[in-house]
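What follows is the content of model_11.txt, which has compact mmCIF, C-alpha atoms:
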# COMPACT_ATOMS: atom_id res chain seq x y z
CA MET P 1 -29.72 81.52 -161.57
CA LEU P 2 -31.06 83.80 -164.30
CA GLU P 3 -29.09 86.81 -163.03
CA ASN P 4 -25.83 84.85 -162.94
CA THR P 5 -26.30 83.69 -166.47
CA ILE P 6 -26.90 87.22 -167.71
CA LYS P 7 -23.84 88.55 -165.87
CA ASP P 8 -21.71 85.81 -167.39
CA ILE P 9 -22.86 86.74 -170.86
CA GLN P 10 -22.06 90.42 -170.35
CA ASN P 11 -18.40 89.61 -169.73
CA LEU P 12 -18.01 87.59 -172.93
CA SER P 13 -16.25 88.75 -176.08
CA LYS P 14 -17.94 88.45 -179.49
CA LYS P 15 -16.07 85.18 -180.10
CA GLY P 16 -17.05 83.97 -176.62
CA LEU P 17 -20.70 84.68 -177.31
CA GLU P 18 -20.45 82.75 -180.58
CA THR P 19 -18.90 79.73 -178.88
CA ARG P 20 -21.55 79.85 -176.16
CA ALA P 21 -24.31 79.98 -178.79
CA LYS P 22 -22.69 77.07 -180.65
CA ILE P 23 -22.78 74.97 -177.46
CA LEU P 24 -26.41 75.91 -176.81
CA ASN P 25 -27.42 74.99 -180.38
CA ALA P 26 -25.62 71.66 -180.07
CA ALA P 27 -27.25 70.99 -176.70
CA GLU P 28 -30.67 71.79 -178.15
CA LYS P 29 -30.12 69.17 -180.85
CA VAL P 30 -28.70 66.53 -178.48
CA PHE P 31 -31.34 66.96 -175.73
CA GLY P 32 -34.06 66.97 -178.41
CA GLU P 33 -32.84 63.73 -179.97
CA LYS P 34 -31.60 61.72 -176.99
CA GLY P 35 -33.53 63.27 -174.12
CA TYR P 36 -31.86 64.83 -171.08
CA TYR P 37 -31.00 61.61 -169.27
CA GLU P 38 -29.40 59.83 -172.22
CA ALA P 39 -27.47 62.92 -173.32
CA SER P 40 -23.94 63.59 -172.04
CA VAL P 41 -21.62 66.61 -172.06
CA VAL P 42 -19.41 64.63 -174.47
CA ASN P 43 -22.35 64.30 -176.92
CA ILE P 44 -22.81 68.06 -176.75
CA THR P 45 -19.14 68.99 -177.22
CA GLN P 46 -18.86 66.56 -180.16
CA GLU P 47 -21.93 68.04 -181.78
CA ALA P 48 -20.63 71.57 -181.17
CA GLU P 49 -17.09 70.60 -182.25
CA VAL P 50 -15.52 72.13 -179.15
CA GLY P 51 -13.32 70.58 -176.45
CA GLN P 52 -14.71 69.58 -173.06
CA GLY P 53 -12.63 72.30 -171.38
CA THR P 54 -14.32 74.88 -173.61
CA PHE P 55 -17.75 73.61 -172.55
CA TYR P 56 -16.92 74.13 -168.88
CA ASN P 57 -15.70 77.69 -169.58
CA TYR P 58 -19.30 78.55 -170.38
CA PHE P 59 -21.44 76.10 -168.41
CA GLU P 60 -20.97 74.39 -165.08
CA SER P 61 -22.78 71.19 -166.05
CA LYS P 62 -25.24 69.46 -168.35
CA LYS P 63 -28.01 70.75 -166.09
CA HIS P 64 -26.77 74.33 -166.37
CA VAL P 65 -26.92 74.30 -170.18
CA TYR P 66 -30.37 72.68 -169.96
CA ASP P 67 -31.63 75.44 -167.63
CA GLU P 68 -30.26 78.09 -169.95
CA LEU P 69 -32.01 76.55 -172.98
CA ILE P 70 -35.38 76.62 -171.22
CA GLN P 71 -34.90 80.21 -170.07
CA GLN P 72 -33.88 81.24 -173.57
CA TYR P 73 -36.85 79.37 -175.08
CA SER P 74 -39.22 81.00 -172.62
CA ARG P 75 -37.89 84.50 -173.33
CA GLU P 76 -37.89 84.18 -177.12
CA LEU P 77 -41.31 82.51 -177.27
CA ARG P 78 -42.92 85.22 -175.13
CA ILE P 79 -41.36 88.02 -177.21
CA THR P 80 -42.52 86.35 -180.45
CA ILE P 81 -46.10 85.93 -179.19
CA LYS P 82 -46.20 89.53 -177.90
CA GLU P 83 -45.00 90.94 -181.22
CA GLU P 84 -47.61 88.97 -183.17
CA MET P 85 -50.41 90.04 -180.83
CA LYS P 86 -49.56 93.72 -181.39
CA LYS P 87 -50.74 93.39 -185.00
CA ALA P 88 -54.33 92.70 -183.92
CA ILE P 89 -57.21 95.16 -183.63
CA THR P 90 -59.60 93.32 -181.27
CA HIS P 91 -58.60 91.29 -178.22
CA GLU P 92 -60.09 88.15 -179.74
CA GLU P 93 -57.89 88.68 -182.79
CA ALA P 94 -54.87 89.23 -180.54
CA GLN P 95 -55.48 85.91 -178.79
CA ARG P 96 -55.85 84.16 -182.15
CA TYR P 97 -52.56 85.66 -183.35
CA GLY P 98 -50.91 84.54 -180.13
CA PHE P 99 -52.04 80.93 -180.66
CA LYS P 100 -50.83 80.99 -184.28
CA ALA P 101 -47.48 82.38 -183.18
CA PHE P 102 -47.13 79.60 -180.61
CA PHE P 103 -47.94 76.84 -183.13
CA ASN P 104 -45.44 78.29 -185.63
CA TRP P 105 -42.86 78.42 -182.88
CA VAL P 106 -43.34 74.73 -182.04
CA LYS P 107 -42.99 73.90 -185.75
CA ASP P 108 -39.73 75.82 -185.97
CA HIS P 109 -38.34 74.55 -182.63
CA PRO P 110 -39.47 70.94 -182.08
CA ALA P 111 -36.32 70.11 -180.11
CA LEU P 112 -36.79 73.06 -177.73
CA TYR P 113 -40.45 72.12 -177.35
CA SER P 114 -39.45 68.60 -176.33
CA ILE P 115 -36.82 69.99 -173.94
CA VAL P 116 -39.45 72.02 -172.08
CA GLN P 117 -41.72 68.98 -171.78
CA GLN P 118 -38.81 66.98 -170.34
CA ALA P 119 -38.58 69.46 -167.46
CA VAL P 120 -41.57 67.72 -165.86
CA VAL P 121 -39.06 65.00 -164.89
CA VAL P 122 -35.74 66.83 -164.97
CA ASP P 123 -36.70 69.85 -162.84
CA GLN P 124 -40.27 70.30 -161.65
CA GLU P 125 -39.49 73.82 -160.34
CA LEU P 126 -38.14 74.93 -163.71
CA TYR P 127 -41.22 73.43 -165.41
CA ARG P 128 -43.41 75.39 -163.07
CA TRP P 129 -41.41 78.59 -163.63
CA TYR P 130 -41.80 78.16 -167.39
CA TYR P 131 -45.61 77.81 -167.24
CA ASN P 132 -45.97 80.60 -164.67
CA LYS P 133 -44.06 82.94 -166.99
CA LEU P 134 -46.23 81.96 -169.95
CA ALA P 135 -49.41 82.33 -167.89
CA SER P 136 -48.34 85.86 -166.84
CA GLY P 137 -48.26 86.89 -170.49
CA PHE P 138 -51.77 85.54 -171.07
CA LEU P 139 -52.96 87.20 -167.87
CA LYS P 140 -51.77 90.61 -169.05
CA SER P 141 -53.43 90.40 -172.46
CA LEU P 142 -56.66 88.99 -171.01
CA SER P 143 -56.83 91.79 -168.40
CA GLN P 144 -56.72 94.38 -171.17
CA GLY P 145 -59.58 92.57 -172.91
CA VAL P 146 -61.63 92.72 -169.72
CA GLN P 147 -60.80 96.38 -169.04
CA GLU P 148 -61.93 97.32 -172.51
CA GLY P 149 -65.17 95.38 -172.10
CA GLU P 150 -64.51 92.70 -174.73
CA PHE P 151 -64.03 89.78 -172.31
CA ARG P 152 -66.20 88.86 -169.34
CA GLU P 153 -64.96 89.46 -165.80
CA THR P 154 -63.79 86.19 -164.35
CA HIS P 155 -60.91 84.50 -162.52
CA LEU P 156 -58.36 85.50 -165.13
CA GLU P 157 -55.44 83.38 -163.94
CA THR P 158 -57.65 80.36 -164.55
CA VAL P 159 -58.59 81.51 -168.04
CA ALA P 160 -54.88 82.10 -168.68
CA TYR P 161 -54.14 78.51 -167.62
CA CYS P 162 -56.99 77.18 -169.77
CA LEU P 163 -55.79 79.00 -172.90
CA MET P 164 -52.19 78.01 -172.28
CA SER P 165 -53.21 74.37 -171.86
CA ILE P 166 -55.23 74.39 -175.08
CA GLY P 167 -52.26 75.81 -176.98
CA GLN P 168 -49.99 73.24 -175.37
CA PHE P 169 -52.13 70.19 -176.21
CA LEU P 170 -53.05 71.21 -179.76
CA GLY P 171 -49.42 72.09 -180.43
CA MET P 172 -48.41 68.69 -179.12
CA ARG P 173 -51.19 66.80 -180.92
CA TRP P 174 -50.70 68.32 -184.37
CA VAL P 175 -47.39 70.12 -184.67
CA PHE P 176 -45.14 67.99 -182.48
CA TRP P 177 -46.68 64.54 -182.97
CA GLU P 178 -47.85 64.84 -186.58
CA GLY P 179 -45.25 67.36 -187.76
CA GLN P 180 -47.87 69.47 -189.53
CA ASP P 181 -49.65 72.78 -189.05
CA VAL P 182 -52.72 72.79 -186.83
CA PRO P 183 -55.52 72.22 -189.40
CA ASP P 184 -57.87 75.16 -189.97
CA GLU P 185 -60.96 73.29 -188.73
CA VAL P 186 -59.10 72.37 -185.53
CA PHE P 187 -57.95 75.95 -184.99
CA ASP P 188 -61.48 77.25 -185.62
CA ALA P 189 -63.09 74.69 -183.29
CA ALA P 190 -60.68 75.60 -180.49
CA MET P 191 -61.24 79.34 -180.99
CA THR P 192 -65.02 78.87 -181.06
CA LEU P 193 -64.77 76.99 -177.76
CA VAL P 194 -62.60 79.71 -176.23
CA PHE P 195 -64.67 82.66 -177.40
CA LYS P 196 -68.22 81.26 -177.53
CA GLY P 197 -68.13 78.12 -175.36
CA ILE P 198 -69.59 74.74 -176.33
CA LYS P 199 -73.21 75.33 -175.45
CA LYS P 200 -75.58 75.77 -178.33
CA HIS P 201 -78.04 78.09 -176.63
CA MET D 1 -48.52 44.63 -174.90
CA LEU D 2 -51.87 45.13 -173.21
CA GLU D 3 -53.13 41.68 -174.31
CA ASN D 4 -50.03 39.94 -172.99
CA THR D 5 -50.38 41.57 -169.63
CA ILE D 6 -54.00 40.51 -169.30
CA LYS D 7 -53.19 36.93 -170.28
CA ASP D 8 -50.42 36.81 -167.67
CA ILE D 9 -52.81 37.94 -164.98
CA GLN D 10 -55.39 35.28 -165.87
CA ASN D 11 -52.91 32.51 -165.12
CA LEU D 12 -52.08 33.81 -161.65
CA SER D 13 -53.31 32.32 -158.36
CA LYS D 14 -54.88 34.54 -155.71
CA LYS D 15 -51.53 34.72 -153.91
CA GLY D 16 -49.81 35.52 -157.22
CA LEU D 17 -52.22 38.35 -157.89
CA GLU D 18 -51.56 39.75 -154.42
CA THR D 19 -47.80 39.67 -154.92
CA ARG D 20 -48.16 41.31 -158.31
CA ALA D 21 -50.33 44.07 -156.79
CA LYS D 22 -47.77 44.54 -154.01
CA ILE D 23 -45.02 45.07 -156.58
CA LEU D 24 -47.19 47.52 -158.53
CA ASN D 25 -48.01 49.52 -155.39
CA ALA D 26 -44.33 49.64 -154.45
CA ALA D 27 -43.38 50.71 -157.97
CA GLU D 28 -46.01 53.46 -157.88
CA LYS D 29 -44.44 54.84 -154.72
CA VAL D 30 -40.84 54.54 -155.95
CA PHE D 31 -41.46 56.03 -159.43
CA GLY D 32 -43.51 58.81 -157.86
CA GLU D 33 -40.79 59.73 -155.39
CA LYS D 34 -37.58 59.15 -157.35
CA GLY D 35 -38.76 59.45 -160.92
CA TYR D 36 -38.39 56.67 -163.51
CA TYR D 37 -34.71 57.23 -164.30
CA GLU D 38 -33.48 57.35 -160.71
CA ALA D 39 -35.60 54.37 -159.64
CA SER D 40 -34.22 50.82 -159.81
CA VAL D 41 -35.75 47.35 -159.62
CA VAL D 42 -33.90 46.96 -156.28
CA ASN D 43 -35.70 50.05 -154.91
CA ILE D 44 -39.01 48.48 -155.94
CA THR D 45 -38.33 45.03 -154.49
CA GLN D 46 -37.11 46.58 -151.22
CA GLU D 47 -40.24 48.72 -150.98
CA ALA D 48 -42.43 45.69 -151.79
CA GLU D 49 -40.43 43.43 -149.46
CA VAL D 50 -40.04 40.73 -152.11
CA GLY D 51 -36.92 39.18 -153.62
CA GLN D 52 -35.56 40.22 -157.02
CA GLY D 53 -36.41 36.77 -158.42
CA THR D 54 -40.02 37.29 -157.39
CA PHE D 55 -40.10 40.63 -159.25
CA TYR D 56 -38.98 38.95 -162.47
CA ASN D 57 -41.65 36.26 -162.11
CA TYR D 58 -44.21 38.99 -162.70
CA PHE D 59 -42.45 41.67 -164.75
CA GLU D 60 -39.72 41.50 -167.34
CA SER D 61 -38.15 44.83 -166.43
CA LYS D 62 -38.51 48.22 -164.77
CA LYS D 63 -40.06 49.47 -168.01
CA HIS D 64 -42.62 46.65 -168.02
CA VAL D 65 -43.91 47.52 -164.55
CA TYR D 66 -43.96 51.20 -165.56
CA ASP D 67 -46.09 50.41 -168.65
CA GLU D 68 -48.47 48.35 -166.55
CA LEU D 69 -48.92 51.19 -164.03
CA ILE D 70 -49.87 53.64 -166.76
CA GLN D 71 -52.31 51.20 -168.36
CA GLN D 72 -53.86 50.49 -164.97
CA TYR D 73 -54.08 54.22 -164.19
CA SER D 74 -55.68 54.91 -167.54
CA ARG D 75 -58.26 52.15 -167.12
CA GLU D 76 -59.24 53.04 -163.56
CA LEU D 77 -59.36 56.78 -164.22
CA ARG D 78 -61.65 56.34 -167.24
CA ILE D 79 -64.00 54.02 -165.33
CA THR D 80 -64.15 56.46 -162.40
CA ILE D 81 -64.94 59.44 -164.65
CA LYS D 82 -67.59 57.46 -166.57
CA GLU D 83 -69.33 56.36 -163.37
CA GLU D 84 -69.45 59.93 -162.04
CA MET D 85 -70.79 61.29 -165.32
CA LYS D 86 -73.70 58.82 -165.21
CA LYS D 87 -75.10 60.68 -162.20
CA ALA D 88 -75.74 63.83 -164.25
CA ILE D 89 -78.95 64.95 -165.93
CA THR D 90 -77.67 67.45 -168.52
CA HIS D 91 -74.55 67.05 -170.63
CA GLU D 92 -73.05 70.18 -169.12
CA GLU D 93 -73.53 68.65 -165.69
CA ALA D 94 -71.96 65.40 -166.89
CA GLN D 95 -68.85 67.26 -168.08
CA ARG D 96 -68.62 69.10 -164.75
CA TYR D 97 -68.86 65.81 -162.85
CA GLY D 98 -66.15 64.38 -165.09
CA PHE D 99 -63.78 67.26 -164.27
CA LYS D 100 -64.49 66.90 -160.54
CA ALA D 101 -63.84 63.17 -160.72
CA PHE D 102 -60.51 63.79 -162.47
CA PHE D 103 -59.37 66.36 -159.86
CA ASN D 104 -60.32 64.01 -157.02
CA TRP D 105 -58.41 61.24 -158.75
CA VAL D 106 -55.24 63.35 -158.97
CA LYS D 107 -55.60 64.19 -155.27
CA ASP D 108 -55.88 60.52 -154.37
CA HIS D 109 -53.13 59.36 -156.77
CA PRO D 110 -50.40 62.04 -156.94
CA ALA D 111 -47.69 59.43 -157.60
CA LEU D 112 -49.60 57.88 -160.52
CA TYR D 113 -50.28 61.35 -161.88
CA SER D 114 -46.56 62.11 -161.84
CA ILE D 115 -45.80 58.74 -163.47
CA VAL D 116 -48.05 59.57 -166.43
CA GLN D 117 -46.39 62.97 -166.86
CA GLN D 118 -42.98 61.27 -166.87
CA ALA D 119 -44.02 59.25 -169.94
CA VAL D 120 -43.35 62.33 -172.07
CA VAL D 121 -39.65 61.44 -171.64
CA VAL D 122 -39.78 57.73 -170.81
CA ASP D 123 -42.03 56.59 -173.67
CA GLN D 124 -43.58 59.14 -176.04
CA GLU D 125 -45.76 56.45 -177.65
CA LEU D 126 -47.21 55.40 -174.30
CA TYR D 127 -47.83 59.05 -173.45
CA ARG D 128 -49.68 59.47 -176.71
CA TRP D 129 -51.67 56.27 -176.13
CA TYR D 130 -52.71 57.52 -172.70
CA TYR D 131 -54.00 60.85 -174.02
CA ASN D 132 -55.70 59.28 -177.04
CA LYS D 133 -57.57 56.93 -174.72
CA LEU D 134 -58.65 59.80 -172.50
CA ALA D 135 -59.68 61.90 -175.51
CA SER D 136 -61.85 59.00 -176.81
CA GLY D 137 -63.86 59.11 -173.60
CA PHE D 138 -64.44 62.86 -173.93
CA LEU D 139 -65.32 62.42 -177.62
CA LYS D 140 -68.05 59.92 -176.79
CA SER D 141 -69.70 62.05 -174.13
CA LEU D 142 -69.44 65.21 -176.25
CA SER D 143 -71.02 63.44 -179.25
CA GLN D 144 -74.04 62.56 -177.15
CA GLY D 145 -74.33 66.21 -176.12
CA VAL D 146 -74.31 67.27 -179.77
CA GLN D 147 -76.80 64.59 -180.83
CA GLU D 148 -79.22 65.71 -178.15
CA GLY D 149 -78.83 69.36 -179.22
CA GLU D 150 -77.18 70.65 -176.05
CA PHE D 151 -73.71 71.27 -177.56
CA ARG D 152 -72.91 72.99 -180.85
CA GLU D 153 -71.74 70.97 -183.85
CA THR D 154 -68.00 71.36 -184.18
CA HIS D 155 -64.75 69.45 -184.64
CA LEU D 156 -65.32 67.29 -181.59
CA GLU D 157 -61.89 65.68 -181.33
CA THR D 158 -60.51 69.19 -180.91
CA VAL D 159 -63.01 70.06 -178.21
CA ALA D 160 -62.11 66.76 -176.51
CA TYR D 161 -58.43 67.76 -176.56
CA CYS D 162 -59.25 71.24 -175.26
CA LEU D 163 -61.27 69.90 -172.32
CA MET D 164 -58.68 67.26 -171.53
CA SER D 165 -55.92 69.88 -171.55
CA ILE D 166 -57.86 72.19 -169.23
CA GLY D 167 -58.36 69.33 -166.77
CA GLN D 168 -54.71 68.41 -167.03
CA PHE D 169 -53.35 71.92 -166.37
CA LEU D 170 -55.76 72.85 -163.57
CA GLY D 171 -55.13 69.48 -161.93
CA MET D 172 -51.42 70.12 -162.18
CA ARG D 173 -51.63 73.76 -161.04
CA TRP D 174 -53.82 73.21 -157.99
CA VAL D 175 -53.98 69.59 -156.97
CA PHE D 176 -50.50 68.35 -157.87
CA TRP D 177 -48.42 71.50 -157.25
CA GLU D 178 -50.37 73.01 -154.35
CA GLY D 179 -51.74 69.78 -152.88
CA GLN D 180 -55.23 71.23 -152.50
CA ASP D 181 -58.62 70.98 -154.16
CA VAL D 182 -59.23 73.10 -157.23
CA PRO D 183 -60.80 76.25 -155.64
CA ASP D 184 -64.48 76.86 -156.44
CA GLU D 185 -63.84 80.16 -158.23
CA VAL D 186 -61.22 78.44 -160.41
CA PHE D 187 -63.56 75.56 -161.23
CA ASP D 188 -66.37 77.99 -162.04
CA ALA D 189 -64.17 80.20 -164.23
CA ALA D 190 -62.98 77.18 -166.21
CA MET D 191 -66.53 75.85 -166.63
CA THR D 192 -67.80 79.27 -167.72
CA LEU D 193 -65.04 79.39 -170.33
CA VAL D 194 -65.89 75.90 -171.56
CA PHE D 195 -69.64 76.36 -171.71
CA LYS D 196 -70.05 80.08 -172.48
CA GLY D 197 -66.66 81.18 -173.85
CA ILE D 198 -64.77 84.30 -172.78
CA LYS D 199 -66.55 86.90 -174.89
CA LYS D 200 -68.88 89.23 -173.07
CA HIS D 201 -71.37 89.79 -175.88

Whole structure given in structure tokens:
Amino acid sequence: MLENTIKDIQNLSKKGLETRAKILNAAEKVFGEKGYYEASVVNITQEAEVGQGTFYNYFESKKHVYDELIQQYSRELRITIKEEMKKAITHEEAQRYGFKAFFNWVKDHPALYSIVQQAVVVDQELYRWYYNKLASGFLKSLSQGVQEGEFRETHLETVAYCLMSIGQFLGMRWVFWEGQDVPDEVFDAAMTLVFKGIKKH
Amino acid sequence: MLENTIKDIQNLSKKGLETRAKILNAAEKVFGEKGYYEASVVNITQEAEVGQGTFYNYFESKKHVYDELIQQYSRELRITIKEEMKKAITHEEAQRYGFKAFFNWVKDHPALYSIVQQAVVVDQELYRWYYNKLASGFLKSLSQGVQEGEFRETHLETVAYCLMSIGQFLGMRWVFWEGQDVPDEVFDAAMTLVFKGIKKH
């Protein structure tokens, strides 16, 4: 699926790429507002101000444009987090920067965030692909922390899943539900849990 | 909504309660297999082997029976976790028992688990209610751990969200996706993270 999409893009002219992006932006808005099941191709073409025929030149179906949005979201989010993490000196700092980058991303892309969450119903396999991809990124950065002696040796895929889940829930709780930044005391409490655990002694 | 439902139940005969439970069990199966949007009242009544009129004696709509399933799930899950936690001596042990109880619950109720996840699209408010309720339970048990000096003083609602999210993702990753128990090394790695953090020194 991913390979096909990329091949399609390579054959497009500059104008074609612009039209495709316009449809994707419109779809992002429509899926975010109405949800996947209530949204129609007509809603998307109206929002994008293109004809239905134009839509089908670029995407086979509503599902196809949905898949592409999630893949695009996944790619861009992972690049953004990676770039932010590069600025850090310690591995703890890198993880903190990664969390911050994720929360900022949710703030800037609430519709895309909602679209990913919808995948739990729309396409369980795609949902799983998305979280596996994200976990792989965590796994890589955690492994480096272990190799350099900063993090303890442990079942790293599990720690990756734990960190990912914490980011997911705090992003949902504060950024998506409340429409605000994650408060400093919340961020600090989560980071203390992650790096020091909850036990006092 | 919750109060209405309870009042309705109180007026039912033993036979009425049985029919209502039969509809709920059928709905659990249908929503779990088809998903909320693909499922119809007809699917539910056929599965329950009751007439459509009977369905509407107990529930106003497909959405009403869905709401009731989530409330029932929430109630039963919280009671189960609480009972398990009572068996523990330390607060760390209590939290571990709580996680185990949750994973066992997902194993025994995969359809209900899926139904809760679907709420992210079906009813965002209900989804939020479900997680707030679950977080309250964590908050209470964590507070006791702090009061008795076992856990560090921190922003406890955040720690509650972090623990809840870890349970949620590991339950999804292992029990729901793979259909197996959470492996021991995974459970141990998550508990080490929660209680000791990831830093080596």

- Quick one: which residues from chain P are at most 7 Å off chain D, using all atoms listed in the file, as a list of chain:residue names?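 Output check: P:Gly35, P:Gln117, P:Gln118, P:Val120, P:Val121, P:Glu150, P:Phe151, P:Arg152, P:Thr154, P:His155, P:Thr158, P:Val159, P:Tyr161, P:Cys162, P:Ser165, P:Ile166, P:Phe169, P:Glu185, P:Val186, P:Ala189, P:Ala190, P:Leu193, P:Val194, P:Phe195, P:Lys196, P:Gly197, P:Ile198, P:Lys199, P:Lys200.
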
- Note on the structure: Expressed in Å, the length from atom CA of D:Gln46 to atom CA of D:Ser61 is 15.3 Å

- Message: What does the structure give for the distance between atom CA of P:Val30 and atom CA of P:Glu60, in Å to one decimal?
- Response: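 Atom CA of P:Glu60 lies 17.4 Å from atom CA of P:Val30.
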
- Message: Just to confirm, what's the straight-line distance from atom CA of D:Val42 to atom CA of D:Glu68 in Å (one decimal)?
- Response: 17.9 Å

- Quick one: everything within 9 Å of D:Asp181, counting only C-alpha atoms, minus sequence neighbours fewer than 5 positions away in the same chain. Send it as a PyMOL selection string. chain D and resi 103-104+107+171+174-175

- Query: P:Glu47: which residues within 9 Å, counting all atoms listed in the file, same-chain residues fewer than 6 positions away excluded, as a PyMOL selection string?
  - Reply: chain P and resi 23+25-27+29-30

- Counting all atoms listed in the file, figure out which residue out of D:Tyr73, D:Glu28, D:Lys22, D:Glu84 gets nearest to D:Phe55.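 Closest to D:Phe55, using all atoms listed in the file: D:Lys22.
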
- Pick out the closest residue to D:Gln71 from this set: D:Val182, D:Ala48, D:Leu24, D:Leu12. Count all atoms listed in the file.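 Nearest candidate to D:Gln71 out of D:Val182, D:Ala48, D:Leu24, D:Leu12: D:Leu24.
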
- Query: Counting all atoms listed in the file, which of P:Ala101, P:Ile9, P:Ala39, P:Leu134 gets nearest to P:Glu83?
  - Reply: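 Using all atoms listed in the file, the shortest distance to P:Glu83 belongs to P:Ala101.
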